[in-house]
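**Student:** data.csv is the file, holding CSV, C-alpha atoms and all ligand atoms:
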```csv
chain,number,residue,atom,x,y,z
B,253,MET,CA,-12.6,-15.3,8.8
B,254,THR,CA,-11.9,-11.9,10.5
B,255,PRO,CA,-12.9,-8.9,8.4
B,256,LEU,CA,-10.1,-6.9,6.9
B,257,LEU,CA,-10.5,-3.4,8.2
B,258,VAL,CA,-8.2,-1.4,5.9
B,259,ALA,CA,-6.7,2.1,5.8
B,260,VAL,CA,-5.4,3.1,2.4
B,261,LEU,CA,-2.7,5.8,2.2
B,262,ALA,CA,-2.4,7.3,-1.2
B,263,SER,CA,-1.1,10.5,-2.8
B,264,GLY,CA,-2.1,10.2,-6.5
B,265,SER,CA,-4.9,9.0,-8.7
B,266,GLY,CA,-6.0,6.2,-6.4
B,267,SER,CA,-6.6,3.5,-9.0
B,268,ASN,CA,-5.2,0.9,-6.6
B,269,LEU,CA,-7.5,2.3,-3.9
B,270,GLY,CA,-10.4,2.0,-6.4
B,271,SER,CA,-9.6,-1.7,-7.1
B,272,ILE,CA,-9.5,-2.4,-3.4
B,273,ILE,CA,-12.8,-0.7,-2.8
B,274,GLY,CA,-14.2,-2.7,-5.7
B,275,ALA,CA,-13.0,-6.0,-4.2
B,276,PHE,CA,-14.8,-5.3,-1.0
B,277,ALA,CA,-17.9,-4.2,-2.8
B,278,CYS,CA,-18.1,-7.4,-4.9
B,279,GLY,CA,-17.3,-9.7,-2.0
B,280,GLN,CA,-13.8,-10.8,-3.1
B,281,LEU,CA,-12.6,-9.4,0.2
B,282,ARG,CA,-14.5,-9.4,3.5
B,283,GLY,CA,-14.5,-6.2,5.5
B,284,SER,CA,-14.1,-2.6,4.2
B,285,VAL,CA,-11.9,0.3,3.6
B,286,LYS,CA,-12.4,2.3,6.8
B,287,LEU,CA,-10.2,5.3,6.2
B,288,VAL,CA,-8.2,6.9,3.4
B,289,ILE,CA,-5.3,9.3,4.2
B,290,SER,CA,-3.6,11.5,1.7
B,291,ASN,CA,-1.0,14.2,1.8
B,292,ASN,CA,-2.6,15.7,-1.3
B,293,SER,CA,-6.1,17.2,-0.6
B,294,ARG,CA,-6.8,17.3,-4.4
B,295,SER,CA,-5.7,13.8,-5.2
B,296,GLY,CA,-7.8,11.3,-7.1
B,297,ALA,CA,-7.6,9.1,-4.0
B,298,MET,CA,-9.3,11.7,-1.8
B,299,ARG,CA,-12.0,12.1,-4.5
B,300,ARG,CA,-12.6,8.4,-4.8
B,301,ALA,CA,-12.8,8.0,-1.0
B,302,ARG,CA,-15.5,10.8,-0.8
B,303,GLU,CA,-17.4,9.3,-3.7
B,304,ALA,CA,-17.4,5.9,-1.9
B,305,GLY,CA,-18.5,7.4,1.4
B,306,ILE,CA,-15.2,6.5,3.1
B,307,SER,CA,-13.7,8.8,5.7
B,308,ALA,CA,-10.9,10.8,4.0
B,309,LEU,CA,-8.2,12.6,6.0
B,310,HIS,CA,-5.8,15.1,4.6
B,311,LEU,CA,-2.6,15.1,6.5
B,312,SER,CA,0.4,17.0,5.3
B,313,SER,CA,3.1,19.5,6.2
B,314,LYS,CA,0.5,22.1,5.6
B,315,THR,CA,-2.0,20.7,8.1
B,316,HIS,CA,0.7,19.6,10.5
B,317,PRO,CA,4.0,21.3,10.0
B,318,ASP,CA,5.7,19.3,12.8
B,319,PRO,CA,6.6,15.7,11.6
B,320,GLY,CA,6.1,14.4,15.1
B,321,ASP,CA,2.6,15.9,15.3
B,322,ARG,CA,1.8,14.5,11.9
B,323,ASP,CA,2.9,11.0,13.0
B,324,ARG,CA,0.8,11.2,16.2
B,325,CYS,CA,-2.2,12.4,14.4
B,326,MET,CA,-1.9,9.7,11.8
B,327,CYS,CA,-1.5,7.0,14.4
B,328,ALA,CA,-4.5,8.4,16.4
B,329,ALA,CA,-6.7,8.5,13.3
B,330,LEU,CA,-5.8,4.9,12.4
B,331,GLU,CA,-6.5,3.7,15.9
B,332,ALA,CA,-9.8,5.6,16.1
B,333,SER,CA,-10.9,4.0,12.8
B,334,GLY,CA,-10.2,0.5,14.2
B,335,VAL,CA,-8.1,-0.7,11.2
B,336,ASN,CA,-6.2,-3.9,11.3
B,337,LEU,CA,-4.2,-3.4,8.1
B,338,ILE,CA,-2.7,-0.4,6.3
B,339,CYS,CA,-2.2,-0.4,2.6
B,340,LEU,CA,0.1,2.1,1.0
B,341,ALA,CA,-0.9,2.7,-2.7
B,342,GLY,CA,1.2,5.4,-4.2
B,343,TYR,CA,1.8,7.2,-0.9
B,344,MET,CA,4.7,9.5,-1.4
B,345,LYS,CA,5.7,10.2,2.2
B,346,LYS,CA,7.7,8.2,4.7
B,347,LEU,CA,5.7,7.0,7.8
B,348,GLY,CA,6.7,8.3,11.2
B,349,PRO,CA,8.2,6.1,13.9
B,350,GLU,CA,5.0,6.0,16.1
B,351,THR,CA,2.8,4.7,13.2
B,352,LEU,CA,5.5,2.2,12.1
B,353,SER,CA,6.0,0.8,15.5
B,354,ARG,CA,2.3,0.6,16.4
B,355,TYR,CA,1.4,-1.1,13.2
B,356,SER,CA,4.6,-3.1,12.7
B,357,ASN,CA,4.0,-6.0,10.3
B,358,ARG,CA,0.6,-4.6,9.5
B,359,ILE,CA,1.6,-2.1,6.8
B,360,ILE,CA,2.0,-3.2,3.2
B,361,ASN,CA,3.0,-1.3,0.0
B,362,ILE,CA,2.8,-2.0,-3.7
B,363,HIS,CA,5.7,-1.1,-5.9
B,364,PRO,CA,5.6,-1.1,-9.7
B,365,ALA,CA,8.7,-3.2,-10.4
B,366,LEU,CA,10.2,-6.5,-9.3
B,367,LEU,CA,12.0,-5.4,-6.1
B,368,PRO,CA,14.8,-5.3,-5.2
B,369,ARG,CA,15.3,-4.0,-8.7
B,370,HIS,CA,14.3,-0.4,-9.3
B,371,GLY,CA,13.2,0.5,-5.8
B,372,GLY,CA,14.3,3.0,-3.2
B,373,LYS,CA,14.3,6.8,-2.7
B,374,GLY,CA,13.2,8.7,-5.8
B,375,MET,CA,12.0,5.6,-7.6
B,376,TYR,CA,8.3,6.3,-8.2
B,377,GLY,CA,5.9,6.8,-11.1
B,378,GLU,CA,7.3,6.9,-14.6
B,379,ARG,CA,10.9,7.0,-13.2
B,380,VAL,CA,10.6,3.4,-12.3
B,381,HIS,CA,9.5,2.3,-15.8
B,382,ARG,CA,12.1,4.5,-17.5
B,383,ALA,CA,14.8,2.9,-15.3
B,384,VAL,CA,13.5,-0.6,-16.5
B,385,LEU,CA,13.7,0.5,-20.1
B,386,ASP,CA,17.1,2.2,-19.7
B,387,ALA,CA,18.5,-1.0,-18.0
B,388,GLY,CA,17.3,-3.1,-21.0
B,389,ASP,CA,15.3,-5.4,-18.8
B,390,THR,CA,13.0,-7.8,-20.7
B,391,GLU,CA,10.6,-8.2,-17.9
B,392,THR,CA,9.4,-6.1,-15.0
B,393,GLY,CA,6.4,-6.5,-12.7
B,394,ALA,CA,4.8,-5.5,-9.4
B,395,THR,CA,5.7,-6.3,-5.8
B,396,VAL,CA,3.7,-6.2,-2.6
B,397,HIS,CA,5.9,-6.0,0.5
B,398,LEU,CA,5.9,-5.2,4.2
B,399,VAL,CA,6.8,-1.6,5.0
B,400,ASP,CA,9.7,-0.7,7.3
B,401,GLU,CA,11.7,2.5,7.9
B,402,GLU,CA,13.4,2.3,4.5
B,403,TYR,CA,11.8,2.9,1.1
B,404,ASP,CA,10.9,-0.4,-0.7
B,405,GLN,CA,13.0,-2.6,1.5
B,406,GLY,CA,10.7,-4.6,3.7
B,407,PRO,CA,10.2,-8.3,3.2
B,408,ILE,CA,8.5,-9.2,-0.1
B,409,LEU,CA,5.0,-10.9,0.2
B,410,THR,CA,4.1,-11.3,-3.5
B,411,GLN,CA,5.4,-10.5,-7.0
B,412,ARG,CA,4.0,-10.8,-10.5
B,413,LYS,CA,6.0,-10.5,-13.7
B,414,VAL,CA,5.0,-8.3,-16.7
B,415,PRO,CA,6.8,-8.5,-20.0
B,416,VAL,CA,8.6,-5.5,-21.5
B,417,CYS,CA,7.5,-5.2,-25.1
B,418,PRO,CA,9.4,-3.9,-28.1
B,419,GLY,CA,8.6,-0.2,-28.6
B,420,ASP,CA,7.5,0.3,-25.0
B,421,THR,CA,7.6,3.8,-23.5
B,422,ALA,CA,7.6,4.4,-19.8
B,423,ALA,CA,3.9,5.3,-20.2
B,424,SER,CA,2.9,2.1,-22.1
B,425,LEU,CA,4.9,-0.1,-19.7
B,426,GLY,CA,3.5,1.7,-16.7
B,427,ALA,CA,-0.1,1.2,-17.9
B,428,ARG,CA,0.6,-2.6,-18.4
B,429,VAL,CA,2.1,-2.9,-14.9
B,430,LEU,CA,-0.7,-0.9,-13.3
B,431,LYS,CA,-3.3,-3.4,-14.5
B,432,VAL,CA,-1.4,-6.2,-12.9
B,433,GLU,CA,-1.0,-4.1,-9.7
B,434,HIS,CA,-4.7,-3.9,-9.4
B,435,GLN,CA,-5.1,-7.7,-9.5
B,436,LEU,CA,-2.0,-8.4,-7.4
B,437,TYR,CA,-2.9,-6.1,-4.5
B,438,VAL,CA,-6.4,-7.5,-4.2
B,439,GLU,CA,-5.1,-11.1,-4.5
B,440,THR,CA,-2.5,-10.5,-1.8
B,441,LEU,CA,-5.1,-9.1,0.5
B,442,ALA,CA,-7.3,-12.1,-0.1
B,443,ALA,CA,-4.4,-14.4,0.7
B,444,ILE,CA,-3.6,-12.5,3.9
B,445,GLN,CA,-7.2,-12.7,4.9
B,446,ALA,CA,-7.3,-16.5,4.2
B,447,GLY,CA,-4.2,-17.0,6.3
B,448,GLN,CA,-2.1,-18.1,3.3
B,449,ILE,CA,0.3,-15.3,3.8
B,450,PRO,CA,0.9,-15.2,7.6
B,451,LEU,CA,2.0,-11.8,8.9
B,452,GLU,CA,4.3,-11.8,11.9
B,453,SER,CA,2.5,-11.8,15.2
B,454,ASP,CA,1.3,-8.6,16.7
B,455,PRO,CA,3.9,-6.6,18.6
B,456,CYS,CA,1.2,-5.2,20.9
B,457,PRO,CA,-0.7,-8.3,22.2
B,458,GLY,CA,-4.3,-7.7,23.0
B,459,THR,CA,-5.0,-5.3,20.2
B,460,GLY,CA,-6.8,-7.8,18.1
B,461,LEU,CA,-4.2,-7.8,15.4
B,462,GLY,CA,-2.6,-11.2,16.1
B,463,GLN,CA,-1.7,-13.7,13.4
B,464,GLY,CA,-4.4,-16.1,14.3
B,465,GLU,CA,-7.0,-13.5,13.8
B,466,TRP,CA,-6.7,-13.5,10.1
B,467,GLY,CA,-7.6,-16.7,8.5
B,468,GLU,CA,-8.9,-20.1,9.3
B,469,GLN,CA,-5.5,-21.5,10.1
B,470,ALA,CA,-4.6,-21.3,13.8
B,471,PRO,CA,-1.2,-19.7,14.6
B,501,LIG,C1,1.3,2.6,-8.4
B,501,LIG,O1,2.1,2.4,-9.6
B,501,LIG,C2,2.0,2.0,-7.2
B,501,LIG,O2,2.7,0.9,-7.5
B,501,LIG,C3,2.9,3.1,-6.8
B,501,LIG,O3,2.2,4.3,-7.1
B,501,LIG,C4,1.3,4.1,-8.1
B,501,LIG,C5,0.0,4.5,-7.6
B,501,LIG,O4,-1.0,4.5,-8.6
B,501,LIG,N1,3.4,2.9,-5.5
B,501,LIG,P1,-2.5,4.8,-8.2
B,501,LIG,O5,-2.6,6.1,-7.4
B,501,LIG,O6,-3.0,3.6,-7.4
B,501,LIG,O7,-3.3,4.9,-9.5
```
Now, as a test, write the supplied structure out as structure tokens.
Ligand code: GRF
**Tutor:**
Amino acid sequence: MTPLLVAVLASGSGSNLGSIIGAFACGQLRGSVKLVISNNSRSGAMRRAREAGISALHLSSKTHPDPGDRDRCMCAALEASGVNLICLAGYMKKLGPETLSRYSNRIINIHPALLPRHGGKGMYGERVHRAVLDAGDTETGATVHLVDEEYDQGPILTQRKVPVCPGDTAASLGARVLKVEHQLYVETLAAIQAGQIPLESDPCPGTGLGQGEWGEQAP
């Protein structure tokens, strides 16, 4: 089975990053987190990366005011680190066209709701859970999906439901969903590695990212 060589892009506390690092450490996943990129130099994600001895890159409008430069720098850092999968985990910025096209079908995201409900621009953090409560939904959940140019719109890979309980606040609901996210993200990565969730074939043949590289199933 080909090792998963992962870059995690995160802006916030990095608890999903922590669970992914833990899954590699305990052997649930084979491979490693090679690189963490954050637009927030003081994020928990950057701290967790440094504590785990993982390369951590701060990339933002402060470090690279020009969006095209930022995109090229991100793409170059990803290529230099040799990753074959990119995991967004609370990353608050859109990816640039160069990165999206170079890693097409190799970028996944986790969203704290059952997409297509409660996704899109501006739907992040507690706003998502408040929207679930305001809509009177009796269940919510977490979704892992492929990333494209639009927020939260790429094809869905996995979902898991979470009940909304009487008296829930956005914070209590968010905490319940986050626990499920930690499991779902790692289980999704394990299924990708095992070839149970085939990703589309590599748009850039010869880069070692082809579908048959992942699991024991031939393409
Ligand atoms: C998670 O709820 C994730 O679904 C969303 O952002 C949050 C990140 O949390 N995209 P953390 O930084 O992993 O703790």
**Student:** Write out as a PyMOL selection string each polymer residue whose atoms come within 12 Å of B:Glu433, counting all atoms listed in the file; drop sequence neighbours fewer than 5 positions from it.
**Tutor:** chain B and resi 266-272+341-342+361-366+392-396+410-414+426-428+438-440
**Student:** So that I can see what lies close to B:Ser284, please list as a VMD selection string the residues with an atom at most 10 Å from it, counting only C-alpha atoms and leaving out residues fewer than 6 positions away in the same chain.
**Tutor:** chain B and resid 255 to 259 272 to 277 306 335
**Student:** Select, from B:Gly348, B:Gly447, B:Pro418, B:Pro407, the residue with the minimum atom-to-atom distance to B:Arg322, counting all atoms listed in the file.
**Tutor:**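 Nearest to B:Arg322: B:Gly348.
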**Student:** Which protein, DNA or RNA residues are at most 8 Å from (16.0, -5.9, 0.7) in the file's coordinates when you count all atoms listed in the file, listed as a list in words?
**Tutor:**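 Residues with an atom close enough to that point: Leu367, Pro368, Asp404, Gln405, Gly406 and Pro407 of chain B.
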**Student:** Those same residues - C-alpha atoms - I'd like them written as a CSV table (one decimal), keeping the file's coordinate frame.
**Tutor:**
```
chain,number,residue,atom,x,y,z
B,367,LEU,CA,12.0,-5.4,-6.1
B,368,PRO,CA,14.8,-5.3,-5.2
B,404,ASP,CA,10.9,-0.4,-0.7
B,405,GLN,CA,13.0,-2.6,1.5
B,406,GLY,CA,10.7,-4.6,3.7
B,407,PRO,CA,10.2,-8.3,3.2
```
**Student:** Rank B:Lys314, B:Arg300, B:Lys286, B:Arg324 by their smallest atom-to-atom distance to ligand LIG 501 (chain B), using all atoms listed in the file, and report the top residue only.
**Tutor:**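 Closest residue, counting all atoms listed in the file: B:Arg300.
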**Student:** Measuring between all atoms listed in the file, which one of B:Leu309, B:Leu398, B:Val380, B:Ile449 shows the shortest distance to B:Val429?
**Tutor:**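 Residue with the minimum atom-to-atom distance to B:Val429: B:Val380.
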**Student:** With all atoms listed in the file as the basis for distance, which of B:Thr351, B:Thr254, B:Ser333, B:Ser263 is at the shortest distance from B:Gly296?
**Tutor:**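 Residue with the minimum atom-to-atom distance to B:Gly296: B:Ser263.
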**Student:** Let me make sure I understand: among B:Ala308, B:Leu430, B:Val285, B:Val416, which one has the smallest atom-to-atom distance to ligand LIG 501 (chain B) if we use all atoms listed in the file?
**Tutor:** B:Leu430
**Student:** Suppose you want the space between atom CA of B:His370 and atom CA of B:Arg382; what is it in Å?
**Tutor:**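 Atom-to-atom, atom CA of B:His370 to atom CA of B:Arg382, that is 9.8 Å.
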**Student:** Skipping near chain neighbours, those fewer than 2 positions away, what residues fall within 8 Å of B:Leu340 using only C-alpha atoms, listed as a VMD selection string?
**Tutor:** chain B and resid 260 to 262 338 342 to 343 359 to 362
**Student:** Report, in Å to a single decimal, how far apart atom CA of B:Leu347 and atom CA of B:Glu402 are.
**Tutor:** 9.6 Å
**Student:** With all atoms listed in the file as the basis for distance, which of B:Gly388, B:Pro450, B:Gly305, B:Gly377 is at the shortest distance from ligand LIG 501 (chain B)?
**Tutor:**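 Counting all atoms listed in the file, the residue closest to ligand LIG 501 (chain B) is B:Gly377.
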**Student:** In Å, how far is it from atom CA of B:Tyr403 to atom CA of B:Arg369?
**Tutor:**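 That distance, rounded to one decimal, is 12.5 Å.
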